[in-house]
Structures are given as structure tokens and as C-alpha cells.
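Worksheet for the structure shown next.
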Amino acid sequence: MPRHLLGLQHWETRHIEEVMERSFFFSRFRERKLDNLRGRLVAALFFEPSTRTKFSFEVAARWLSADFYNFPVELSSVVKGETLLDTIQTLKSMGLNALIIRHSHSGLLEWLKDRVDISLINAGDGAHEHPTQALLDLFTIKNNFTSLQDLQVVMVGDIKYSRVVRSSIKGLLEMGARVKLVGPPTLLPESFREKGVEISWDLEGALPEADVVYLLRLQKERQQNGLLPSLKEYTRLYGLTENRLSLLKSGSMVMHPGPMNVGVEITSKALEKLDGDPPPGITVSIQRQVESGIIVRAALLDFLMRGDR
Ligand code: NCD
């Protein structure tokens with residue numbers, strides 16, 4: 001039974017399935033407060049900005065009656081030079097059971113796990129992994145299609161710097177989906193092929209075969225100079241535009257982890273159309289992903305902190 005969620009790389013298929021099953025179970029009780037984690041203390045330590053991830057962990061923990069502490073990194077002794085490890089030990093002495101961390105440093109949690117005695121949950125570490133985003137996306141897709149077996153998932157955009165993509169590939173392949181990555185050559189390392197996915201530079205060729213079109217946020221904060229000619233050029237070649245909506249097949253679903261760069265990975269016209277009057281048979285799941293986030297994070301906290309019970 002895993003104690004941490006450092007990344008999906010460390011998880012077996014049965015662990016992913018367990019969180020999916022628990023999520024379906026919890027989704028039936030969304031309207032009432034549950035007692036599962038009463039008396040447990042969960043904290044969030046976010047060194048990078050976040051709205052939906054942080055808030056949905058908080059809502060999920062409180063839904064299960066845990067106490068939740070949102071650690072204000074910018075006001076804390078971490079800024080004064082107290083090391084992260086000391087900070088965590090201090091929180092542990094105050095009764096902390098699980099810590100949710102977001103940090104720009106890839107692999108930080110891997111290092112921490114041998115040094116602290118609490119459950120650690122990765123809420124995004126640099127460009128490395130964002131496993132709870134992948135889990136909530138799997139749950140959203142499973143809810144829509146029932147099974148992921150043989151679904152064609154096309155993930156579009158900034159593959160190079162996306163932690164979402166690194167976690168999602170593992171989860172999607174484990175659940176039987178086929179994955180194609182599409183993006184400009186400078187943001188789409190060839191080495192991704194080794195993970196068992198297809199890669200392509202041709203968005204218009206990939207859209208008609210997609211059951212799921214997953215748009216990634218262009219990681220403006222992580223770009224090195226010279227990899228992108230201009231945002232306009234990026235949108236011209238890889239943005240979901242109104243015209244490209246007509247290439248989507250009926251029954252397909254458009255996803256995005258948020259926050260969206262409207263006008264970059266999706267144009268405002270395409271978004272308006274998807275929100276108001278989507279082409280027949282096309283589902284937009286961006287809102288559903290947010291709702292799934294609460295359910296899946298509750299299921300995960302329950303799984304890590306209560307195990308089989
Ligand atoms: C993702 C993240 O922070 O990695 N967003 C999120 O958690 N909702 C996706 C992104 O910002 O690209």
C-alpha cells in the first residue's frame with residue numbers, strides 16, 4: 001500500500017485503479033460531509049502559484065473532516081532561511097499527517113521522503129510530475145467514456161515543460177489508452193517516443209482521430225529563449241482555433257488542466273463556441289475536470305491515510 005504519491009512513475013496499475021474506484025464511490029456522497037479523516041491534519045506547502053489544485057485539496061480534505069492548514073510560504077520562516085526540512089519537522093511535531101507540496105524543483109519529494117515521517121503528495125514539481133492532475137483527468141475521461149481501453153488521446157502543446165504530460169502518459173498507457181503528443185519540434189523532445197507514445201508535429205492530421213484532445217498550458221515561466229518564434233505563430237500552428245473545431249470527431253472531448261492562456265493554446269472564439277454552442281457531439285470537460293479534482297483528491301487522501309480500511 002503506498003504511503004506517498006510522489007509521481008505516477010512509482011505507482012502500479014492497481015494503485016491507480018484503486019483511486020479510480022474510490023473516486024467513483026466518493027462521487028456518490030458529494031452532497032454530504034464524510035467522517036473518514038476526522039482527527040487528521042493535512043497541510044499544503046505551495047512554493048509556486050496555484051488556484052485550483054490548492055483549493056481543491058482543501059475542499060477535499062475538509063469534505064472528509066480532516067483539519068487543513070494552508071501554510072503561507074511567503075510569510076514563513078522558509079523565507080527567513082529555515083530549511084524546508086526543518087519546517088516540515090516543525091509541522092510534524094504539531095501533529096501533521098500529510099503534506100501536499102508544489103515546488104519548482106523537480107524531484108524534491110523524492111529527496112524528502114527518506115527524511116520525513118508523514119505522507120507526501122506531489123502537487124507539481126517543476127516540469128517533472130503532477131500526478132493528481134493526471135488522476136483527475138483519468139477519472140474525468142473514464143466518467144465520459146466508461147473505459148480508456150484503445151481511446152486515442154492527443155495531447156497538444158508544450159510537451160517539453162509540461163509536468164502534466166509526464167504524469168498523464170504513464171496513467172493513460174496503464175489504463176489502455178493510446179497517446180499521441182503534438183507540438184512544435186522545439187517543445188516536443190523525440191525522447192518521448194521511448195515512453196511508448198507517438199509524436200507528431202501535425203495538429204490538423206491528429207485532430208480527426210482524437211477521442212480526447214488535451215490542450216496543455218504553454219509554460220511561459222519555464223521557456224528558454226529561442227524555442228518559440230512567437231506566441232502568434234504558435235497559435236497559428238498549434239492553437240485550437242474555431243476552424244479546427246470542425247476537424248474534431250463527434251463523441252470527442254476537449255480538456256485543459258487550467259489555467260488557460262486564452263489566445264495562445266485556444267483562441268477566444270473557439271472557447272466561446274465550445275462554451276456556448278459546441279459542434280454536435282463534442283464535449284468540453286474543463287469544468288468537469290475541476291469537479292473531478294475534489295473527488296479524486298479526497299479519494300487519494302483517504303487511500304494514503306487510511307489504506308484498506
Ligand atoms: C497545472 C500545473 O500547475 O502544472 N495546472 C494545475 O495544476 N491546474 C497545469 C499548468 O499550469 O500547466
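Labels for the C-alpha cells follow display order: chains A, B, ..., residues from 1 in each chain, ligands from 1.
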Neighbouring residues of region 242-244 of chain A were defined as those with any atom within 8 Å, considering only C-alpha atoms; residues of the same chain fewer than 4 positions away were excluded. Please report them as a PyMOL selection string. chain A and resi 204+248+267+269-270+273
Give me every alpha helix (DSSP H) residue in region 143-219 of chain A, going by DSSP on the backbone, as a list in words.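 Residues of region 143-219 of chain A classed as alpha helix (DSSP H): Asn143, Asn144, Phe145, Arg163, Val164, Val165, Arg166, Ser167, Ser168, Ile169, Lys170, Gly171, Leu172, Leu173, Glu174, Leu203, Glu204, Gly205 and Ala206 of chain A.
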For the residues in that selection, give me N, CA and C atoms as a PDB file, in the first residue's frame.
ATOM      1  N   ASN A 143     -15.229   8.646 -16.657  1.00  0.00           N
ATOM      2  CA  ASN A 143     -16.626   9.014 -16.450  1.00  0.00           C
ATOM      3  C   ASN A 143     -17.341   9.231 -17.770  1.00  0.00           C
ATOM      4  N   ASN A 144     -16.634   9.789 -18.738  1.00  0.00           N
ATOM      5  CA  ASN A 144     -17.251  10.108 -20.015  1.00  0.00           C
ATOM      6  C   ASN A 144     -17.335   8.896 -20.952  1.00  0.00           C
ATOM      7  N   PHE A 145     -16.243   8.107 -20.977  1.00  0.00           N
ATOM      8  CA  PHE A 145     -16.177   7.013 -21.969  1.00  0.00           C
ATOM      9  C   PHE A 145     -16.342   5.621 -21.341  1.00  0.00           C
ATOM     10  N   ARG A 163       4.616  19.148 -16.757  1.00  0.00           N
ATOM     11  CA  ARG A 163       4.617  18.066 -15.765  1.00  0.00           C
ATOM     12  C   ARG A 163       3.339  17.249 -15.882  1.00  0.00           C
ATOM     13  N   VAL A 164       2.269  17.906 -16.381  1.00  0.00           N
ATOM     14  CA  VAL A 164       1.001  17.182 -16.552  1.00  0.00           C
ATOM     15  C   VAL A 164       1.206  16.033 -17.546  1.00  0.00           C
ATOM     16  N   VAL A 165       1.887  16.313 -18.632  1.00  0.00           N
ATOM     17  CA  VAL A 165       2.071  15.300 -19.667  1.00  0.00           C
ATOM     18  C   VAL A 165       2.875  14.114 -19.128  1.00  0.00           C
ATOM     19  N   ARG A 166       3.881  14.379 -18.340  1.00  0.00           N
ATOM     20  CA  ARG A 166       4.740  13.284 -17.839  1.00  0.00           C
ATOM     21  C   ARG A 166       3.943  12.335 -16.942  1.00  0.00           C
ATOM     22  N   SER A 167       3.067  12.894 -16.110  1.00  0.00           N
ATOM     23  CA  SER A 167       2.243  12.020 -15.264  1.00  0.00           C
ATOM     24  C   SER A 167       1.136  11.358 -16.083  1.00  0.00           C
ATOM     25  N   SER A 168       0.556  12.119 -16.993  1.00  0.00           N
ATOM     26  CA  SER A 168      -0.600  11.590 -17.731  1.00  0.00           C
ATOM     27  C   SER A 168      -0.227  10.430 -18.635  1.00  0.00           C
ATOM     28  N   ILE A 169       0.924  10.524 -19.284  1.00  0.00           N
ATOM     29  CA  ILE A 169       1.321   9.445 -20.195  1.00  0.00           C
ATOM     30  C   ILE A 169       1.305   8.119 -19.450  1.00  0.00           C
ATOM     31  N   LYS A 170       1.918   8.107 -18.284  1.00  0.00           N
ATOM     32  CA  LYS A 170       2.002   6.870 -17.513  1.00  0.00           C
ATOM     33  C   LYS A 170       0.587   6.360 -17.183  1.00  0.00           C
ATOM     34  N   GLY A 171      -0.253   7.260 -16.674  1.00  0.00           N
ATOM     35  CA  GLY A 171      -1.605   6.858 -16.283  1.00  0.00           C
ATOM     36  C   GLY A 171      -2.429   6.391 -17.478  1.00  0.00           C
ATOM     37  N   LEU A 172      -2.371   7.132 -18.560  1.00  0.00           N
ATOM     38  CA  LEU A 172      -3.183   6.798 -19.733  1.00  0.00           C
ATOM     39  C   LEU A 172      -2.767   5.444 -20.313  1.00  0.00           C
ATOM     40  N   LEU A 173      -1.458   5.232 -20.449  1.00  0.00           N
ATOM     41  CA  LEU A 173      -0.993   3.970 -21.032  1.00  0.00           C
ATOM     42  C   LEU A 173      -1.363   2.798 -20.122  1.00  0.00           C
ATOM     43  N   GLU A 174      -1.233   2.993 -18.819  1.00  0.00           N
ATOM     44  CA  GLU A 174      -1.589   1.917 -17.872  1.00  0.00           C
ATOM     45  C   GLU A 174      -3.066   1.537 -17.995  1.00  0.00           C
ATOM     46  N   LEU A 203      -0.859  19.035 -36.107  1.00  0.00           N
ATOM     47  CA  LEU A 203      -2.085  19.071 -35.314  1.00  0.00           C
ATOM     48  C   LEU A 203      -3.302  18.711 -36.161  1.00  0.00           C
ATOM     49  N   GLU A 204      -3.379  19.285 -37.355  1.00  0.00           N
ATOM     50  CA  GLU A 204      -4.593  19.057 -38.164  1.00  0.00           C
ATOM     51  C   GLU A 204      -4.725  17.599 -38.587  1.00  0.00           C
ATOM     52  N   GLY A 205      -3.600  16.906 -38.711  1.00  0.00           N
ATOM     53  CA  GLY A 205      -3.644  15.471 -39.016  1.00  0.00           C
ATOM     54  C   GLY A 205      -4.103  14.656 -37.814  1.00  0.00           C
ATOM     55  N   ALA A 206      -3.816  15.163 -36.617  1.00  0.00           N
ATOM     56  CA  ALA A 206      -4.107  14.372 -35.406  1.00  0.00           C
ATOM     57  C   ALA A 206      -5.529  14.585 -34.895  1.00  0.00           C
TER      58      ALA A 206
END
Would you mind listing what lies within 8 Å of region 249-260 of chain A as a PDB file with N, CA, C and O atoms, in the first residue's frame, with only C-alpha atoms counted and same-chain residues fewer than 6 positions away left out?
ATOM      1  N   GLN A 133      -3.173  15.734 -11.016  1.00  0.00           N
ATOM      2  CA  GLN A 133      -3.830  16.233 -12.233  1.00  0.00           C
ATOM      3  C   GLN A 133      -4.092  15.055 -13.176  1.00  0.00           C
ATOM      4  O   GLN A 133      -5.174  14.923 -13.742  1.00  0.00           O
ATOM      5  N   LEU A 207      -6.104  15.766 -35.115  1.00  0.00           N
ATOM      6  CA  LEU A 207      -7.411  16.076 -34.502  1.00  0.00           C
ATOM      7  C   LEU A 207      -8.531  15.118 -34.922  1.00  0.00           C
ATOM      8  O   LEU A 207      -9.295  14.670 -34.059  1.00  0.00           O
ATOM      9  N   PRO A 208      -8.639  14.778 -36.234  1.00  0.00           N
ATOM     10  CA  PRO A 208      -9.799  13.957 -36.615  1.00  0.00           C
ATOM     11  C   PRO A 208      -9.828  12.574 -35.983  1.00  0.00           C
ATOM     12  O   PRO A 208     -10.877  11.952 -35.883  1.00  0.00           O
ATOM     13  N   GLU A 209      -8.681  12.074 -35.541  1.00  0.00           N
ATOM     14  CA  GLU A 209      -8.678  10.721 -34.971  1.00  0.00           C
ATOM     15  C   GLU A 209      -8.773  10.726 -33.442  1.00  0.00           C
ATOM     16  O   GLU A 209      -8.817   9.666 -32.815  1.00  0.00           O
ATOM     17  N   ALA A 210      -8.824  11.924 -32.847  1.00  0.00           N
ATOM     18  CA  ALA A 210      -8.755  12.009 -31.381  1.00  0.00           C
ATOM     19  C   ALA A 210     -10.101  11.749 -30.708  1.00  0.00           C
ATOM     20  O   ALA A 210     -11.116  12.320 -31.108  1.00  0.00           O
ATOM     21  N   ASP A 211     -10.098  10.885 -29.685  1.00  0.00           N
ATOM     22  CA  ASP A 211     -11.271  10.789 -28.810  1.00  0.00           C
ATOM     23  C   ASP A 211     -11.177  11.876 -27.746  1.00  0.00           C
ATOM     24  O   ASP A 211     -12.180  12.423 -27.315  1.00  0.00           O
ATOM     25  N   VAL A 212      -9.950  12.150 -27.311  1.00  0.00           N
ATOM     26  CA  VAL A 212      -9.724  13.222 -26.340  1.00  0.00           C
ATOM     27  C   VAL A 212      -8.654  14.154 -26.900  1.00  0.00           C
ATOM     28  O   VAL A 212      -7.589  13.705 -27.314  1.00  0.00           O
ATOM     29  N   VAL A 213      -8.977  15.442 -26.935  1.00  0.00           N
ATOM     30  CA  VAL A 213      -7.966  16.444 -27.287  1.00  0.00           C
ATOM     31  C   VAL A 213      -7.603  17.160 -26.000  1.00  0.00           C
ATOM     32  O   VAL A 213      -8.448  17.814 -25.382  1.00  0.00           O
ATOM     33  N   TYR A 214      -6.369  16.985 -25.563  1.00  0.00           N
ATOM     34  CA  TYR A 214      -5.945  17.560 -24.290  1.00  0.00           C
ATOM     35  C   TYR A 214      -4.996  18.721 -24.581  1.00  0.00           C
ATOM     36  O   TYR A 214      -3.868  18.518 -25.034  1.00  0.00           O
ATOM     37  N   LEU A 215      -5.462  19.935 -24.329  1.00  0.00           N
ATOM     38  CA  LEU A 215      -4.623  21.114 -24.577  1.00  0.00           C
ATOM     39  C   LEU A 215      -3.774  21.378 -23.346  1.00  0.00           C
ATOM     40  O   LEU A 215      -4.282  21.363 -22.223  1.00  0.00           O
ATOM     41  N   LEU A 216      -2.511  21.620 -23.558  1.00  0.00           N
ATOM     42  CA  LEU A 216      -1.618  21.913 -22.430  1.00  0.00           C
ATOM     43  C   LEU A 216      -1.384  23.410 -22.352  1.00  0.00           C
ATOM     44  O   LEU A 216      -1.378  24.100 -23.374  1.00  0.00           O
ATOM     45  N   ARG A 217      -1.174  23.879 -21.129  1.00  0.00           N
ATOM     46  CA  ARG A 217      -0.840  25.305 -20.982  1.00  0.00           C
ATOM     47  C   ARG A 217       0.602  25.530 -21.425  1.00  0.00           C
ATOM     48  O   ARG A 217       1.496  24.785 -21.034  1.00  0.00           O
ATOM     49  N   ILE A 266      -5.658  28.106 -27.059  1.00  0.00           N
ATOM     50  CA  ILE A 266      -7.021  28.093 -27.607  1.00  0.00           C
ATOM     51  C   ILE A 266      -7.412  29.549 -27.881  1.00  0.00           C
ATOM     52  O   ILE A 266      -7.053  30.432 -27.097  1.00  0.00           O
ATOM     53  N   PRO A 280     -21.874  19.571 -32.816  1.00  0.00           N
ATOM     54  CA  PRO A 280     -22.634  18.414 -32.334  1.00  0.00           C
ATOM     55  C   PRO A 280     -21.713  17.268 -31.902  1.00  0.00           C
ATOM     56  O   PRO A 280     -20.767  16.940 -32.595  1.00  0.00           O
ATOM     57  N   GLY A 281     -22.022  16.720 -30.743  1.00  0.00           N
ATOM     58  CA  GLY A 281     -21.282  15.549 -30.270  1.00  0.00           C
ATOM     59  C   GLY A 281     -19.964  15.866 -29.596  1.00  0.00           C
ATOM     60  O   GLY A 281     -19.261  14.968 -29.139  1.00  0.00           O
ATOM     61  N   ILE A 282     -19.593  17.140 -29.491  1.00  0.00           N
ATOM     62  CA  ILE A 282     -18.315  17.487 -28.856  1.00  0.00           C
ATOM     63  C   ILE A 282     -18.574  17.912 -27.401  1.00  0.00           C
ATOM     64  O   ILE A 282     -19.447  18.731 -27.140  1.00  0.00           O
ATOM     65  N   THR A 283     -17.825  17.347 -26.477  1.00  0.00           N
ATOM     66  CA  THR A 283     -17.973  17.709 -25.067  1.00  0.00           C
ATOM     67  C   THR A 283     -16.752  18.510 -24.633  1.00  0.00           C
ATOM     68  O   THR A 283     -15.634  18.188 -25.018  1.00  0.00           O
ATOM     69  N   VAL A 284     -16.989  19.524 -23.808  1.00  0.00           N
ATOM     70  CA  VAL A 284     -15.868  20.252 -23.208  1.00  0.00           C
ATOM     71  C   VAL A 284     -15.886  19.900 -21.733  1.00  0.00           C
ATOM     72  O   VAL A 284     -16.909  20.028 -21.077  1.00  0.00           O
ATOM     73  N   SER A 285     -14.745  19.477 -21.226  1.00  0.00           N
ATOM     74  CA  SER A 285     -14.798  18.935 -19.862  1.00  0.00           C
ATOM     75  C   SER A 285     -14.054  19.794 -18.859  1.00  0.00           C
ATOM     76  O   SER A 285     -13.774  19.335 -17.761  1.00  0.00           O
ATOM     77  N   ILE A 286     -13.731  21.023 -19.212  1.00  0.00           N
ATOM     78  CA  ILE A 286     -12.848  21.820 -18.352  1.00  0.00           C
ATOM     79  C   ILE A 286     -13.466  22.020 -16.965  1.00  0.00           C
ATOM     80  O   ILE A 286     -12.798  21.867 -15.947  1.00  0.00           O
ATOM     81  N   GLN A 289     -13.434  18.737 -15.074  1.00  0.00           N
ATOM     82  CA  GLN A 289     -12.112  18.406 -14.520  1.00  0.00           C
ATOM     83  C   GLN A 289     -11.954  19.019 -13.124  1.00  0.00           C
ATOM     84  O   GLN A 289     -11.407  18.400 -12.223  1.00  0.00           O
TER      85      GLN A 289
END
Just want the 8 Å neighbourhood of region 135-138 of chain A, counted on only C-alpha atoms, with same-chain residues fewer than 3 positions away dropped. Output as a list in words. Ile16, Val19, Met20, Pro131, Thr132, Ile141, Lys142, Ser168, Gly171, Leu172, Gln289, Ser292, Gly293, Val296 and Arg297 of chain A
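Among the candidate residues A:Leu37, A:Leu188, A:Ala123, A:Val116, the one lying nearest to Arg52 (chain A) is A:Ala123, with distances computed using only C-alpha atoms.
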Please indicate the distance in Å from atom 7 (O, counted along the ligand's line) of ligand 1 to CA of Met94 (chain A), rounded to one decimal place. 27.8 Å
I'd like to know which residues of region 156-241 of chain A are strand (DSSP E or B) (by DSSP, run on the backbone); could you write them as a list in words?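 Of region 156-241 of chain A, only Val156, Arg178, Val179, Lys180, Leu181, Val182, Glu198, Ile199, Ser200, Val212, Val213, Tyr214, Leu215 and Leu240 of chain A fall in strand (DSSP E or B).
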I'd like the contact shell of Ile121 (chain A) - 8 Å cut-off, only C-alpha atoms, skipping same-chain residues fewer than 3 positions apart - returned as a PDB file with all heavy atoms, in the first residue's frame.
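Writing done, so here's part_29.pdb:
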ATOM      1  N   HIS A   4       2.886   7.449  -0.084  1.00  0.00           N
ATOM      2  CA  HIS A   4       3.065   8.758  -0.723  1.00  0.00           C
ATOM      3  C   HIS A   4       2.530   8.713  -2.148  1.00  0.00           C
ATOM      4  O   HIS A   4       2.393   7.648  -2.735  1.00  0.00           O
ATOM      5  CB  HIS A   4       4.552   9.099  -0.836  1.00  0.00           C
ATOM      6  CG  HIS A   4       5.328   8.913   0.414  1.00  0.00           C
ATOM      7  ND1 HIS A   4       5.162   9.714   1.505  1.00  0.00           N
ATOM      8  CD2 HIS A   4       6.304   8.012   0.737  1.00  0.00           C
ATOM      9  CE1 HIS A   4       6.004   9.322   2.464  1.00  0.00           C
ATOM     10  NE2 HIS A   4       6.694   8.292   2.024  1.00  0.00           N
ATOM     11  N   LEU A   5       2.307   9.890  -2.684  1.00  0.00           N
ATOM     12  CA  LEU A   5       2.144   9.988  -4.132  1.00  0.00           C
ATOM     13  C   LEU A   5       3.194  10.994  -4.613  1.00  0.00           C
ATOM     14  O   LEU A   5       2.973  12.205  -4.618  1.00  0.00           O
ATOM     15  CB  LEU A   5       0.728  10.444  -4.523  1.00  0.00           C
ATOM     16  CG  LEU A   5       0.529  10.643  -6.032  1.00  0.00           C
ATOM     17  CD1 LEU A   5       0.853   9.377  -6.821  1.00  0.00           C
ATOM     18  CD2 LEU A   5      -0.893  11.092  -6.351  1.00  0.00           C
ATOM     19  N   LEU A   6       4.355  10.453  -4.972  1.00  0.00           N
ATOM     20  CA  LEU A   6       5.442  11.322  -5.434  1.00  0.00           C
ATOM     21  C   LEU A   6       5.305  11.567  -6.926  1.00  0.00           C
ATOM     22  O   LEU A   6       5.677  12.613  -7.441  1.00  0.00           O
ATOM     23  CB  LEU A   6       6.797  10.668  -5.155  1.00  0.00           C
ATOM     24  CG  LEU A   6       7.009  10.180  -3.715  1.00  0.00           C
ATOM     25  CD1 LEU A   6       8.374   9.552  -3.562  1.00  0.00           C
ATOM     26  CD2 LEU A   6       6.831  11.327  -2.728  1.00  0.00           C
ATOM     27  N   ALA A  98      -0.224  14.552   6.732  1.00  0.00           N
ATOM     28  CA  ALA A  98       0.070  14.514   5.289  1.00  0.00           C
ATOM     29  C   ALA A  98       0.393  15.920   4.798  1.00  0.00           C
ATOM     30  O   ALA A  98      -0.199  16.898   5.266  1.00  0.00           O
ATOM     31  CB  ALA A  98      -1.120  13.956   4.509  1.00  0.00           C
ATOM     32  N   LEU A  99       1.335  15.988   3.871  1.00  0.00           N
ATOM     33  CA  LEU A  99       1.756  17.288   3.351  1.00  0.00           C
ATOM     34  C   LEU A  99       1.685  17.281   1.825  1.00  0.00           C
ATOM     35  O   LEU A  99       2.215  16.369   1.172  1.00  0.00           O
ATOM     36  CB  LEU A  99       3.191  17.575   3.820  1.00  0.00           C
ATOM     37  CG  LEU A  99       3.776  18.924   3.408  1.00  0.00           C
ATOM     38  CD1 LEU A  99       2.972  20.076   4.010  1.00  0.00           C
ATOM     39  CD2 LEU A  99       5.235  19.034   3.859  1.00  0.00           C
ATOM     40  N   ILE A 100       1.032  18.304   1.303  1.00  0.00           N
ATOM     41  CA  ILE A 100       0.893  18.446  -0.143  1.00  0.00           C
ATOM     42  C   ILE A 100       1.862  19.544  -0.571  1.00  0.00           C
ATOM     43  O   ILE A 100       1.798  20.655  -0.051  1.00  0.00           O
ATOM     44  CB  ILE A 100      -0.555  18.850  -0.479  1.00  0.00           C
ATOM     45  CG1 ILE A 100      -1.526  17.785   0.054  1.00  0.00           C
ATOM     46  CG2 ILE A 100      -0.746  19.054  -1.968  1.00  0.00           C
ATOM     47  CD1 ILE A 100      -2.855  18.349   0.457  1.00  0.00           C
ATOM     48  N   ILE A 101       2.766  19.220  -1.478  1.00  0.00           N
ATOM     49  CA  ILE A 101       3.815  20.187  -1.823  1.00  0.00           C
ATOM     50  C   ILE A 101       3.826  20.502  -3.315  1.00  0.00           C
ATOM     51  O   ILE A 101       3.731  19.595  -4.154  1.00  0.00           O
ATOM     52  CB  ILE A 101       5.220  19.643  -1.458  1.00  0.00           C
ATOM     53  CG1 ILE A 101       5.284  19.293   0.028  1.00  0.00           C
ATOM     54  CG2 ILE A 101       6.314  20.645  -1.804  1.00  0.00           C
ATOM     55  CD1 ILE A 101       6.647  18.822   0.482  1.00  0.00           C
TER      56      ILE A 101
END
At a cut-off of 7 Å, using only C-alpha atoms, what residues contact Ala299 (chain A)? Leave out same-chain residues fewer than 2 positions from it and give the result as an MDAnalysis selection string. chainID A and resid 19 22:23 26 295:297 301:303
Same residues, N, CA, C and O atoms, output as a CSV table (one decimal), in the first residue's frame:
chain,number,residue,atom,x,y,z
A,19,VAL,N,-7.6,4.2,-6.8
A,19,VAL,CA,-8.0,5.6,-6.6
A,19,VAL,C,-9.2,5.9,-7.5
A,19,VAL,O,-10.2,6.6,-7.1
A,22,ARG,N,-12.2,4.2,-5.7
A,22,ARG,CA,-12.6,5.0,-4.5
A,22,ARG,C,-13.3,6.4,-5.0
A,22,ARG,O,-14.2,6.8,-4.3
A,23,SER,N,-12.8,6.9,-6.1
A,23,SER,CA,-13.3,8.2,-6.6
A,23,SER,C,-14.8,8.0,-7.0
A,23,SER,O,-15.7,8.8,-6.7
A,26,PHE,N,-16.8,7.8,-3.8
A,26,PHE,CA,-17.0,9.1,-3.1
A,26,PHE,C,-17.9,10.0,-3.9
A,26,PHE,O,-18.6,10.8,-3.3
A,295,ILE,N,-13.1,15.3,-6.0
A,295,ILE,CA,-13.4,13.9,-5.7
A,295,ILE,C,-12.2,13.0,-5.7
A,295,ILE,O,-12.0,12.2,-4.7
A,296,VAL,N,-11.3,13.2,-6.7
A,296,VAL,CA,-10.2,12.3,-6.8
A,296,VAL,C,-9.2,12.6,-5.7
A,296,VAL,O,-8.5,11.7,-5.1
A,297,ARG,N,-9.0,13.9,-5.3
A,297,ARG,CA,-8.1,14.2,-4.2
A,297,ARG,C,-8.6,13.7,-2.9
A,297,ARG,O,-7.8,13.3,-2.0
A,301,LEU,N,-6.5,11.1,-0.7
A,301,LEU,CA,-6.1,11.3,0.8
A,301,LEU,C,-6.6,10.1,1.6
A,301,LEU,O,-5.9,9.6,2.5
A,302,ASP,N,-7.8,9.7,1.3
A,302,ASP,CA,-8.4,8.5,2.0
A,302,ASP,C,-7.5,7.3,1.8
A,302,ASP,O,-7.2,6.5,2.7
A,303,PHE,N,-7.1,7.1,0.6
A,303,PHE,CA,-6.3,5.9,0.2
A,303,PHE,C,-4.9,5.9,0.9
A,303,PHE,O,-4.5,5.0,1.6
Atom pair CA of Pro49 (chain A) + atom 3 (O, counted along the ligand's line) of ligand 1, distance 7.7 Å
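With only C-alpha atoms as the basis for measurement, A:Asn122 is the residue among A:Asn122, A:Thr83, A:Thr90, A:Thr13 that approaches Ala44 (chain A) most closely.
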